[in-house]
$ cat start-v9.txt   # compact mmCIF, C-alpha atoms
# COMPACT_ATOMS: atom_id res chain seq x y z
CA GLY Y 506 -34.79 43.77 13.65
CA GLY Y 507 -34.62 45.05 10.02
CA VAL Y 508 -37.37 46.48 7.81
CA CYS Y 509 -38.68 44.61 4.77
CA GLU Y 510 -40.83 46.18 2.06
CA GLN Y 511 -42.90 44.53 -0.66
CA ALA Y 512 -44.86 46.45 -3.37
CA MET Y 513 -48.10 45.45 -5.10
CA SER Y 514 -49.74 47.24 -8.08
CA CYS Y 515 -53.45 47.78 -8.73
CA MET Y 516 -54.94 49.24 -11.97
CA ASN Y 517 -58.40 50.65 -12.64
CA ILE Y 518 -59.49 49.24 -16.01
CA GLY Y 519 -63.04 50.55 -15.76
CA SER Y 520 -64.61 53.86 -16.76
CA THR Y 521 -65.50 55.08 -13.25
CA ALA Y 522 -63.23 56.27 -10.45
CA VAL Y 523 -62.80 53.74 -7.62
CA TYR Y 524 -62.63 54.85 -4.02
CA TYR Y 525 -60.79 52.27 -1.87
CA ARG Y 526 -59.95 51.49 1.72
CA TRP Y 527 -57.54 48.87 3.19
CA THR Y 528 -58.53 47.15 6.47
CA LYS Y 529 -56.81 44.41 8.50
CA THR Y 530 -58.84 41.42 9.73
CA GLU Y 531 -58.30 39.41 12.93
CA LYS Y 532 -57.96 36.03 11.20
CA ARG Y 533 -55.57 33.53 12.83
CA PHE Y 534 -53.34 31.24 10.75
CA GLU Y 535 -52.20 27.71 11.69
CA GLY Y 536 -48.44 27.22 12.13
CA VAL Y 537 -47.57 30.88 12.68
CA ALA Y 538 -46.99 32.97 15.79
CA PRO Y 539 -50.15 33.97 17.72
CA ILE Y 540 -51.56 37.41 16.99
CA ASP Y 541 -50.67 40.02 19.57
CA THR Y 542 -51.19 43.78 19.85
CA LEU Y 543 -47.93 44.69 18.11
CA GLU Y 544 -48.11 46.22 14.66
CA ARG Y 545 -45.73 44.37 12.32
CA PHE Y 546 -47.32 45.05 8.93
CA SER Y 547 -48.12 48.58 7.82
CA LEU Y 548 -49.35 50.50 4.74
CA SER Y 549 -49.02 54.27 4.35
CA ASP Y 550 -51.65 54.67 1.63
CA VAL Y 551 -54.59 53.04 3.44
CA GLN Y 552 -57.37 54.87 1.58
CA GLY Y 553 -57.82 56.98 -1.56
CA SER Y 554 -59.06 56.83 -5.11
CA ILE Y 555 -57.94 55.39 -8.44
CA LEU Y 556 -58.99 57.14 -11.63
CA PRO Y 557 -59.95 55.18 -14.77
CA GLY Y 558 -56.84 53.84 -16.50
CA GLU Y 559 -54.61 54.77 -13.51
CA MET Y 560 -52.23 52.27 -11.82
CA LYS Y 561 -51.69 52.50 -8.08
CA LEU Y 562 -48.67 51.07 -6.27
CA PHE Y 563 -49.15 49.88 -2.67
CA THR Y 564 -46.04 49.27 -0.55
CA PHE Y 565 -46.40 47.07 2.52
CA THR Y 566 -43.77 47.22 5.28
CA PHE Y 567 -42.83 44.42 7.72
CA LYS Y 568 -40.82 44.95 10.91
CA SER Y 569 -40.57 42.76 14.02
CA ASP Y 570 -38.30 42.75 17.07
CA LYS Y 571 -39.48 39.25 17.96
CA PRO Y 572 -38.27 36.24 15.96
CA GLY Y 573 -40.89 34.07 14.32
CA VAL Y 574 -43.27 33.67 11.38
CA PHE Y 575 -46.17 36.13 11.22
CA SER Y 576 -49.18 36.45 8.88
CA GLU Y 577 -52.00 38.97 8.49
CA GLU Y 578 -55.02 39.20 6.23
CA TRP Y 579 -55.82 42.54 4.57
CA VAL Y 580 -59.04 43.44 2.67
CA PHE Y 581 -59.29 45.88 -0.26
CA GLU Y 582 -62.78 47.46 -0.28
CA GLY Y 583 -63.69 49.56 -3.36
CA ARG Y 584 -66.65 51.83 -4.29
CA PRO Y 585 -68.68 51.32 -6.35
CA ASP Y 586 -69.28 47.96 -4.67
CA VAL Y 587 -68.77 45.44 -7.46
CA ALA Y 588 -66.85 42.11 -7.57
CA GLU Y 589 -63.90 43.60 -9.42
CA THR Y 590 -63.27 46.12 -6.58
CA GLN Y 591 -63.26 43.63 -3.69
CA HIS Y 592 -59.97 41.79 -2.96
CA VAL Y 593 -58.37 39.86 -0.04
CA ILE Y 594 -54.59 39.32 0.36
CA VAL Y 595 -52.48 37.51 2.98
CA LEU Y 596 -49.17 38.99 4.10
CA LYS Y 597 -46.46 36.75 5.55
CA GLY Y 598 -43.28 37.90 7.30
CA VAL Y 599 -40.36 35.97 8.79
CA CYS Y 600 -38.02 37.38 11.42
CA GLN Y 601 -34.76 35.56 12.26
CA VAL Y 602 -32.34 36.20 15.10
CA GLU Y 603 -28.78 36.82 14.03
CA ASP Y 604 -26.55 33.93 15.17
CA LYS Y 605 -23.58 35.66 16.75
CA THR Y 606 -21.96 32.32 17.67
CA ALA Y 607 -21.82 30.99 14.09
CA VAL Y 608 -18.14 31.83 13.62
CA GLY Y 609 -17.21 30.26 16.93
CA LEU Y 610 -19.23 27.13 16.13
CA GLU Y 611 -17.49 26.75 12.75
CA MET Y 612 -14.09 27.03 14.42
CA LEU Y 613 -15.13 24.50 17.07
CA GLU Y 614 -16.38 22.05 14.45
CA ALA Y 615 -13.14 22.42 12.45
CA ARG Y 616 -11.04 21.81 15.58
CA LEU Y 617 -13.12 18.75 16.55
CA GLU Y 618 -12.76 17.39 13.01
CA ARG Y 619 -8.97 17.83 13.11
CA ASN Y 620 -8.77 16.18 16.53
CA GLN Y 621 -10.88 13.27 15.33
CA MET Y 622 -8.71 12.86 12.24
CA SER Y 623 -5.52 12.97 14.31
CA ALA Y 624 -6.89 10.43 16.79
CA THR Y 625 -7.94 8.10 13.96
CA VAL Y 626 -4.53 8.32 12.27
CA ASN Y 627 -2.70 7.73 15.57
CA GLU Y 628 -4.87 4.71 16.28
CA LEU Y 629 -4.22 3.23 12.84
CA VAL Y 630 -0.47 3.87 13.09
CA ASP Y 631 -0.30 2.35 16.58
CA GLU Y 632 -2.19 -0.70 15.39
CA LEU Y 633 0.06 -1.01 12.35
CA VAL Y 634 3.26 -0.64 14.36
CA GLY Y 635 1.98 -3.09 16.94
CA HIS Y 636 1.68 -5.79 14.29
CA VAL Y 637 5.19 -5.18 12.91
CA GLN Y 638 7.38 -8.07 14.04
CA THR Y 639 10.53 -9.79 12.93
CA PRO Y 640 9.49 -11.98 10.00
CA ARG Y 641 9.69 -15.66 10.79
CA ALA Y 642 11.81 -17.86 8.61
CA LYS Y 643 9.99 -19.83 5.97
CA PRO Y 644 9.39 -23.43 6.99
CA ARG Y 645 12.04 -25.73 5.66
CA VAL Y 646 11.46 -29.02 3.93
CA LEU Y 647 13.54 -32.16 4.19
CA MET Y 648 16.46 -32.20 1.80
CA GLU Y 649 15.78 -35.74 0.57
CA ASP Y 650 13.30 -37.03 -2.00
CA PRO Y 651 10.49 -34.50 -2.70
CA ASP Y 652 7.76 -36.67 -4.23
CA VAL Y 653 6.98 -34.51 -7.25
CA ASP Y 654 10.61 -33.89 -8.24
CA ARG Y 655 11.42 -37.58 -7.75
CA GLN Y 656 8.60 -38.75 -9.99
CA VAL Y 657 9.35 -36.27 -12.77
CA PHE Y 658 13.12 -36.89 -12.68
CA ILE Y 659 12.76 -40.67 -12.70
CA ALA Y 660 10.15 -40.57 -15.49
CA ARG Y 661 12.40 -38.43 -17.71
CA ASN Y 662 15.56 -40.51 -17.12
CA LYS Y 663 14.42 -44.16 -17.03
CA GLU Y 664 17.37 -45.43 -19.05
CA ALA Y 665 20.05 -43.60 -17.02
CA GLN Y 666 21.93 -45.81 -14.52
CA ILE Y 667 21.71 -43.30 -11.67
CA TYR Y 668 20.06 -42.95 -8.27
CA TYR Y 669 17.81 -40.02 -7.46
CA SER Y 670 18.58 -37.66 -4.59
CA ASN Y 671 17.66 -34.07 -3.92
CA THR Y 672 21.36 -33.14 -3.84
CA THR Y 673 22.11 -34.44 -7.33
CA LEU Y 674 18.93 -32.84 -8.67
CA LYS Y 675 20.09 -29.47 -7.32
CA LEU Y 676 23.48 -29.94 -8.99
CA PHE Y 677 21.86 -30.70 -12.35
CA ARG Y 678 19.52 -27.71 -12.00
CA SER Y 679 22.43 -25.43 -11.14
CA LEU Y 680 24.28 -26.65 -14.19
CA ALA Y 681 21.17 -26.00 -16.31
CA ASP Y 682 20.85 -22.44 -14.95
CA SER Y 683 24.49 -21.75 -15.80
CA THR Y 684 23.98 -23.17 -19.30
CA PHE Y 685 20.88 -21.00 -19.87
CA GLU Y 686 22.95 -17.99 -18.80
CA LEU Y 687 25.70 -18.73 -21.32
CA LEU Y 688 23.17 -19.35 -24.11
CA ASN Y 689 21.39 -16.05 -23.30
CA PHE Y 690 18.01 -17.71 -22.94
CA PRO Y 691 15.08 -15.34 -22.12
CA ASP Y 692 14.00 -15.49 -18.48
CA GLU Y 693 10.60 -16.95 -19.34
CA LEU Y 694 12.28 -19.90 -21.16
CA ARG Y 695 14.83 -20.75 -18.47
CA SER Y 696 13.05 -23.85 -17.23
CA TRP Y 697 14.77 -27.24 -17.33
CA ASP Y 698 12.47 -30.22 -17.99
CA SER Y 699 14.53 -32.56 -15.70
CA SER Y 700 15.75 -34.56 -18.71
CA LEU Y 701 19.49 -35.34 -18.71
CA GLU Y 702 19.48 -35.79 -22.50
CA SER Y 703 18.07 -32.28 -23.06
CA LEU Y 704 20.61 -30.85 -20.60
CA LYS Y 705 23.42 -32.57 -22.47
CA ARG Y 706 22.21 -31.11 -25.78
CA LEU Y 707 22.10 -27.64 -24.23
CA ILE Y 708 25.66 -27.99 -22.93
CA TYR Y 709 26.98 -29.05 -26.37
CA ALA Y 710 25.28 -25.93 -27.83
CA ILE Y 711 27.61 -23.62 -25.85
CA GLU Y 712 29.78 -21.76 -28.34
CA ASP Y 713 32.72 -20.99 -26.05
CA ASP Y 714 35.05 -24.00 -26.07
CA GLY Y 715 36.34 -23.43 -22.54
CA GLU Y 716 32.91 -23.02 -20.98
CA ARG Y 717 31.56 -26.00 -22.93
CA GLU Y 718 34.43 -28.19 -21.71
CA ARG Y 719 33.97 -27.02 -18.11
CA HIS Y 720 30.23 -27.77 -18.19
CA ILE Y 721 30.85 -31.22 -19.69
CA ILE Y 722 33.29 -31.99 -16.85
CA GLN Y 723 30.72 -30.84 -14.27
CA PHE Y 724 28.01 -32.93 -15.95
CA ASN Y 725 30.17 -36.08 -15.90
CA GLU Y 726 31.22 -35.53 -12.28
CA THR Y 727 27.59 -35.13 -11.24
CA MET Y 728 26.70 -38.32 -13.12
CA LYS Y 729 29.41 -40.12 -11.11
CA VAL Y 730 27.93 -38.83 -7.86
CA ALA Y 731 24.42 -39.83 -8.95
CA GLY Y 732 25.65 -43.34 -9.77
CA ILE Y 733 26.61 -44.02 -6.13
CA PRO Y 734 23.82 -45.90 -4.26
CA PRO Y 735 22.34 -43.85 -1.38
CA THR Y 736 23.30 -44.87 2.15
CA SER Y 737 20.76 -45.79 4.82
CA THR Y 738 21.81 -42.77 6.88
CA SER Y 739 20.82 -40.18 4.27
CA MET Y 740 17.33 -39.70 5.70
CA PHE Y 741 18.70 -39.40 9.25
CA ASN Y 742 21.12 -36.75 8.01
CA SER Y 743 18.20 -34.82 6.54
CA ILE Y 744 16.23 -35.07 9.77
CA CYS Y 745 19.21 -33.82 11.79
CA TYR Y 746 19.66 -30.98 9.34
CA GLU Y 747 16.00 -30.07 9.69
CA LEU Y 748 16.17 -30.00 13.50
CA VAL Y 749 19.34 -27.90 13.53
CA ALA Y 750 17.82 -25.53 10.95
CA GLU Y 751 14.67 -25.06 13.08
CA LEU Y 752 16.85 -24.35 16.10
CA ALA Y 753 18.85 -21.76 14.15
CA ASP Y 754 15.69 -20.15 12.77
CA GLY Y 755 14.32 -19.73 16.29
CA ILE Y 756 17.39 -17.95 17.65
CA PRO Y 757 16.29 -14.43 16.50
CA ASP Y 758 12.93 -14.77 18.27
CA VAL Y 759 14.55 -16.01 21.48
CA ALA Y 760 17.13 -13.23 21.36
CA ALA Y 761 14.40 -10.63 20.80
CA ASP Y 762 12.44 -11.88 23.85
CA ILE Y 763 15.55 -11.78 26.04
CA ARG Y 764 16.44 -8.24 24.90
CA LYS Y 765 12.90 -7.11 25.66
CA LYS Y 766 12.96 -8.63 29.17
CA LEU Y 767 16.35 -7.04 29.91
CA ASN Y 768 15.30 -3.69 28.39
CA ILE Y 769 18.19 -3.81 25.94
CA LYS Y 770 17.83 -1.60 22.89
CA ASP Y 771 17.76 -3.25 19.50
CA LYS Y 772 20.90 -3.03 17.44
CA VAL Y 773 20.63 -0.63 14.53
CA LEU Y 774 23.01 -0.96 11.60
CA GLU Y 775 24.09 1.91 9.42
CA LYS Y 776 25.81 1.87 6.04
CA VAL Y 777 29.54 2.56 6.30
CA GLU Y 778 30.75 2.41 2.69
CA ASP Y 779 30.46 0.79 -0.73
CA ALA Y 780 33.23 -1.68 -1.51
CA GLU Y 781 34.21 -4.51 -3.85
CA ARG Y 782 34.83 -8.12 -2.93
CA GLU Y 783 36.92 -10.70 -4.74
CA LEU Y 784 35.27 -14.14 -4.79
CA VAL Y 785 37.08 -17.33 -5.76
CA TYR Y 786 35.31 -20.65 -6.38
CA THR Y 787 37.17 -23.88 -7.12
CA THR Y 788 36.27 -27.45 -7.97
CA GLY Y 789 38.14 -30.63 -8.65
CA PRO Y 790 37.97 -34.44 -8.59
CA GLU Y 791 38.25 -34.65 -4.79
CA LEU Y 792 35.92 -31.68 -4.14
CA SER Y 793 32.17 -31.28 -4.44
CA ILE Y 794 31.05 -30.19 -7.88
CA TRP Y 795 31.10 -26.40 -8.24
CA ARG Y 796 27.61 -24.88 -8.29
CA TYR Y 797 26.79 -21.50 -9.78
CA ASP Y 798 24.65 -19.76 -7.16
CA PRO Y 799 23.50 -16.25 -8.26
CA HIS Y 800 22.07 -15.44 -4.82
CA LEU Y 801 25.35 -16.37 -3.12
CA LEU Y 802 27.24 -14.06 -5.43
CA GLN Y 803 24.77 -11.20 -4.90
CA ILE Y 804 25.05 -11.27 -1.11
CA GLY Y 805 28.83 -11.43 -1.27
CA GLY Y 806 30.05 -14.86 -0.38
CA PRO Y 807 31.35 -16.66 1.52
CA PRO Y 808 34.26 -17.35 -0.87
CA VAL Y 809 35.92 -20.76 -1.12
CA GLU Y 810 39.65 -20.76 -0.33
CA TYR Y 811 41.94 -21.57 -3.21
CA PHE Y 812 45.21 -23.58 -2.93
CA ASP Y 813 46.86 -23.43 -6.35
CA GLN Y 814 44.57 -26.16 -7.61
CA GLU Y 815 44.37 -24.69 -11.10
CA GLU Y 816 47.79 -26.21 -11.86
CA LYS Y 817 46.42 -29.72 -11.44
CA GLU Y 818 44.47 -31.47 -14.17
CA GLY Y 819 40.70 -31.51 -13.68
CA PHE Y 820 40.54 -28.47 -11.40
CA VAL Y 821 38.62 -25.34 -12.33
CA LYS Y 822 38.94 -21.88 -10.80
CA ILE Y 823 36.20 -19.23 -11.03
CA GLU Y 824 36.88 -15.63 -9.99
CA LYS Y 825 34.33 -12.84 -9.67
CA THR Y 826 34.42 -9.25 -8.36
CA ILE Y 827 31.13 -7.98 -6.99
CA PRO Y 828 30.04 -4.69 -5.34
CA VAL Y 829 29.08 -4.99 -1.67
CA GLU Y 830 27.74 -2.65 1.01
CA VAL Y 831 29.52 -2.55 4.38
CA TRP Y 832 27.16 -2.11 7.36
CA ALA Y 833 28.09 -1.78 11.03
CA ILE Y 834 26.63 -0.78 14.38
CA PRO Y 835 26.97 3.00 14.91
CA GLY Y 836 30.18 3.68 16.84
CA GLU Y 837 31.82 0.33 16.22
CA ALA Y 838 33.07 1.36 12.77
CA GLU Y 839 34.78 4.46 14.22
CA ASP Y 840 36.28 2.41 17.05
CA ALA Y 841 37.65 -0.14 14.60
CA GLU Y 842 39.20 2.55 12.41
CA ALA Y 843 40.72 4.28 15.45
CA GLY Y 844 42.17 0.97 16.67
CA GLY Y 845 43.66 0.30 13.26
CA GLU Y 846 45.31 3.72 13.12
CA GLU Y 847 46.79 3.25 16.60
CA GLY Y 848 48.20 -0.14 15.58
CA GLU Y 849 49.84 1.37 12.49
CA GLU Y 850 51.38 4.17 14.54
CA GLY Y 851 52.72 1.67 17.10
$ encode --input "start-v9.txt" --output "structure tokens"
Amino acid sequence: GGVCEQAMSCMNIGSTAVYYRWTKTEKRFEGVAPIDTLERFSLSDVQGSILPGEMKLFTFTFKSDKPGVFSEEWVFEGRPDVAETQHVIVLKGVCQVEDKTAVGLEMLEARLERNQMSATVNELVDELVGHVQTPRAKPRVLMEDPDVDRQVFIARNKEAQIYYSNTTLKLFRSLADSTFELLNFPDELRSWDSSLESLKRLIYAIEDDGERERHIIQFNETMKVAGIPPTSTSMFNSICYELVAELADGIPDVAADIRKKLNIKDKVLEKVEDAERELVYTTGPELSIWRYDPHLLQIGGPPVEYFDQEEKEGFVKIEKTIPVEVWAIPGEAEDAEAGGEEGEEG
């Protein structure tokens, strides 16, 4: 609906005045709107004269109430009639309708994009949550005679008069870990080669006399255990242990299924307080050899009861205080504290 103007200059470079006249032809152009009776292109100075050396400025005006692409051909006819005074030009105008719904469309597109993003995120989160399950326990292996450990241990200790078992190998490895700890070995070098001679040399390298003596006692006690021939029931004991372990590992899954069928809410634990726990480990001639277990100490126990065995020869007592976190089901901790206060008042 607006008006557009475009100017064009024309200069007389001859020595004679030129009389001109602009006329519009009826030529049709391919790909543009058909010609109708409406005047869309106009020129105010249609005819006149141009003196020698004078420049004339012609301003064409385009206006259309109908959207589309329009073209017209105009002819410049000059007198005297020579080639330099005859010209043909083509005018082209484009009319566009103002899109009054553009703002609304942008808002609609933005809202659709947000909805799509929200739906995609919800779908991904639902899929992720749907795959979250209680992690299953790692499959256990039989306690007796792993082939690789057996072959390496036997090859490194051919001259030792001992019998191989997974239990004694664990005791030797635990003793090696404790020795590495006392010798301040770097983590990347704390790997025992399964040789009893190298373990013995490491133990004798301990500077602290008390720790060195304790480790020598543990080494000798483990050698005594390893010198006992294995019984025929050892494999059956391992199989029974494996079956009982599988049964225990499956209890959480069974309990979860029962709670779901009965619509019972899952128990949620909350941290009650930070505390310290005193752990006491003992060993002696009639007891199993003491084994340093870092994981057992980190999780807080269970401690081994102590019965004044440090007064007897050959017994060793190890004490350790570790920080622990106390967790309980919401509500039960308050009930327990309230019950304890009532008992003290009574």
$ residues_near_point --input "start-v9.txt" --point "(-49.6, 56.6, 6.2)" --cutoff "12 Å" --atoms "only C-alpha atoms" --output "list in words"
Trp527, Ser547, Leu548, Ser549, Asp550, Val551, Gln552, Gly553, Phe563, Thr564, Phe565 and Thr566 of chain Y
$ residues_around --input "start-v9.txt" --residues "Y:Gln601" --least-positions-apart "4" --cutoff "9 Å" --atoms "all atoms listed in the file" --output "PDB file with C-alpha atoms, keeping the file's coordinate frame"
ATOM      1  CA  GLY Y 506     -34.790  43.770  13.650  1.00  0.00           C
ATOM      2  CA  LYS Y 571     -39.480  39.250  17.960  1.00  0.00           C
ATOM      3  CA  PRO Y 572     -38.270  36.240  15.960  1.00  0.00           C
ATOM      4  CA  GLY Y 573     -40.890  34.070  14.320  1.00  0.00           C
ATOM      5  CA  VAL Y 574     -43.270  33.670  11.380  1.00  0.00           C
TER       6      VAL Y 574
END
$ closest_residue --input "start-v9.txt" --among "Y:Ala760, Y:Cys745, Y:Cys515, Y:Val829" --to "Y:Lys772" --atoms "only C-alpha atoms"
Y:Ala760
$ closest_residue --input "start-v9.txt" --among "Y:Gln621, Y:Ser514, Y:Thr590, Y:Gln656" --to "Y:Ser699" --atoms "all atoms listed in the file"
Y:Gln656
$ closest_residue --input "start-v9.txt" --among "Y:Gln511, Y:Ala607, Y:Asp586, Y:His592" --to "Y:Phe567" --atoms "only C-alpha atoms"
Y:Gln511
